[in-house]
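Participant: So that we are looking at the same thing, I have put the structure below in structure tokens.
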Amino acid sequence: MQAEVAPYGRSTQRPPDVKEVHVLWITAGLGCDGDTISITAATQPSVEDVLLGAIPGLPKVHLHNPVLAYEVGDDFMKYWYRAWEGKLEPFVLVVEGSIPNEKIKKEGYWAALGNNPDTGQPITTCEWIDRLAPKATAIVGAGTCATYGGIHAMEGNPTGCMGLADYLGWNFKSKAGLPIVNVPGCPVQPDNFMETLLYLLYQLAGLAPMIPLDDQLRPKWLFGATVHEGCDRAAYYEQGDFAEDYNSPKCLVKVGCWGPVVNCNVPKRGWMAGIGGCPNVGGICIGCTMPGFPDKFMPFMDEPPGARLSAAAIGVYGAAIRSLRTITNHTVNKEPKWRHTGPRLTTGYRPRAY
């Protein structure tokens with residue numbers, strides 16, 4: 001029996017004894033499968049650790065992802081059909097790729113996965129989401145395409161595609177009363193996704209409270225700070241010291257970095273094993289974790305509009321700060337004068353008379 005879930009996300013009964021959980025990962029949205037490829041690099045935790053039961057407290061986890069699965073054809077699709085029929089309980093639905101609008105065309109379909117056994121016709125991505133979302137224990141958008149539409153949803157696209165919350169509704173709740181969980185990124189940072197999935201699995205096992213999300217349904221602990229706040233180059237911004245090209249270790253705002261206004265933890269976390277991450281390796285932040293990406297951040301590699309005013313203001317302040325710090329650095333970057341080999345003690349020590 002499923003535990004009743006209180007409005008604030010804590011169970012009002014003892015959590016059910018969950019032995020096994022299935023993760024149905026649909027990659028049939030409009031996307032490139034890059035998020036699936038990305039998560040294979042995760043180490044905190046790794047996909048292998050989750051699936052092989054190496055993490056204490058977790059139920060047995062079965063992953064059904066068409067890119068990573070070794071089953072093919074009906075052997076793979078049977079889990080999806082069972083979930084469709086309400087015979088796979090519990091399961092987490094992960095959506096990768098933008099969700100197209102199947103209502104805006106006269107014929108055909110934009111995206112599909114498998115065939116309807118009764119009609120032999122393709123089952124559209126939208127139909128899968130319509131049927132599985134109400135039955136899912138938790139629903140996760142993996143990557144910016146699934147969370148906010150991403151590149152496929154930019155102005156002028158012919159598919160009318162959108163993110164998962166736009167399609168299901170921003171107030172949608174899963175069978176267990178959980179909101180949609182968005183883990184954006186183009187592609188998603190591997191440990192960000194796996195850590196979020198781990199949290200949801202612990203929550204399903206009754207070992208974690210309601211997952212804390214921001215107003216864009218992103219995990220707060222991962223997206224609560226900006227790129228700039230975690231960037232190794234941020235001190236250069238404070239001093240008004242900006243890079244003029246991509247070969248410089250200084251702040252990249254003037255060559256197109258949107259880091260000061262983008263919610264993302266990549267400079268702090270790195271990409272793989274704490275290494276990498278856009279500004280850490282000389283790349284600018286283009287805002288790929290944000291709902292307005294890419295339209296509101298284009299053209300890339302141009303100085304962001306607000307950066308001109310803020311950079312000019314910080315330039316005056318920063319020049320003065322740099323001068324003062326140069327003086328202080330010169331003062332403290334030498335040893336005190338009393339450290340010498342001369343015959344006199346010049347440390348200021350005075351022996352006490354008894």
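Going by the structure tokens order, chains are called A, B, ..., each with residues numbered from 1, while ligands are numbered from 1 in the order shown.
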Show which residues sit within 12 Å of A:Phe172, as a PyMOL selection string. Count only C-alpha atoms, and ignore same-chain residues fewer than 4 positions away.

Facilitator: chain A and resi 130+133-134+136+138-140+164-168+176-181+217

Participant: Where in stretch 132-342 of chain A does DSSP assign helix (DSSP H, G or I), given as number ranges by chain?

Facilitator: A: 132-135, 144-148, 150-153, 164-168, 190-204, 220-223, 228-230, 234-238, 253-255, 259-261, 266-269, 278-281, 295-297, 305-332

Participant: Out of stretch 144-217 of chain A, which residues get strand (DSSP E or B) from DSSP, as number ranges by chain?

Facilitator: A: 162, 173, 179, 181-183, 185, 188, 213

Participant: How many Å separate atom CA of A:Tyr79 from atom CA of A:Ile123?

Facilitator: 14.5 Å

Participant: Please compute the atom CA of A:Ile37-atom CA of A:Trp25 distance, one decimal, in Å.

Facilitator: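 Distance reported for this atom pair: 12.7 Å.
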
Participant: What's the separation between atom CA of A:Thr119 and atom CA of A:Leu30, in Å to one decimal place?

Facilitator: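 These two atoms are separated by 24.0 Å.
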
Participant: So that I can see what lies close to A:Leu52, please list as a PyMOL selection string the residues with an atom at most 12 Å from it, counting only C-alpha atoms and leaving out residues fewer than 5 positions away in the same chain.

Facilitator: chain A and resi 45-47+58-63

Participant: Using only C-alpha atoms, find the one residue out of A:Met272, A:Leu345, A:Ala41, A:Cys145 that sits nearest to A:Gly97.

Facilitator: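 The answer is A:Cys145, which sits nearest to A:Gly97.
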
Participant: Find the residues around A:Pro90 up to 8 Å (only C-alpha atoms counted), leave out those fewer than 6 positions away in its own chain, and share them as a PyMOL selection string.

Facilitator: chain A and resi 20-22+136-137

Participant: If we count only C-alpha atoms, what is near A:Gly149 at a cut-off of 8 Å, once residues fewer than 4 positions away on the same chain are taken out, given as a PDB file with C-alpha atoms, in the first residue's frame?

Facilitator:
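For reference, out_25.pdb as written:
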```pdb
ATOM      1  CA  GLY A  97      14.706  16.050 -24.837  1.00  0.00           C
ATOM      2  CA  SER A  98      12.136  18.735 -25.610  1.00  0.00           C
ATOM      3  CA  ILE A  99       8.475  17.772 -25.746  1.00  0.00           C
ATOM      4  CA  THR A 144      17.738  21.836 -20.500  1.00  0.00           C
ATOM      5  CA  CYS A 145      15.751  20.494 -23.454  1.00  0.00           C
ATOM      6  CA  ALA A 153      12.399  25.441 -28.451  1.00  0.00           C
ATOM      7  CA  MET A 154      14.128  28.650 -29.539  1.00  0.00           C
ATOM      8  CA  CYS A 161       8.263  22.193 -28.426  1.00  0.00           C
ATOM      9  CA  MET A 162       8.588  22.979 -24.728  1.00  0.00           C
ATOM     10  CA  GLY A 163       9.885  21.742 -21.397  1.00  0.00           C
ATOM     11  CA  LEU A 164       8.289  19.116 -19.198  1.00  0.00           C
ATOM     12  CA  PRO A 291      14.775  28.885 -18.665  1.00  0.00           C
TER      13      PRO A 291
END
```

Participant: Neighbouring residues of A:Val281 were defined as those with any atom within 10 Å, considering only C-alpha atoms; residues of the same chain fewer than 6 positions away were excluded. Please report them as a list in words.

Facilitator: Tyr246, Pro249, Pro267, Gly270 and Ile275 of chain A

Participant: Neighbours of A:Arg308 within 12 Å (only C-alpha atoms; same-chain residues fewer than 3 positions away dropped), as a ChimeraX atom specification?

Facilitator: /A:240,242,253-257,302-305,311-315

Participant: Identify which of the residues A:Ala307, A:Val23, A:Ala235, A:Cys186 lies closest to A:Gly150, counting only C-alpha atoms when measuring atom-to-atom distances.

Facilitator: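 Closest to A:Gly150 of all the choices is A:Cys186.
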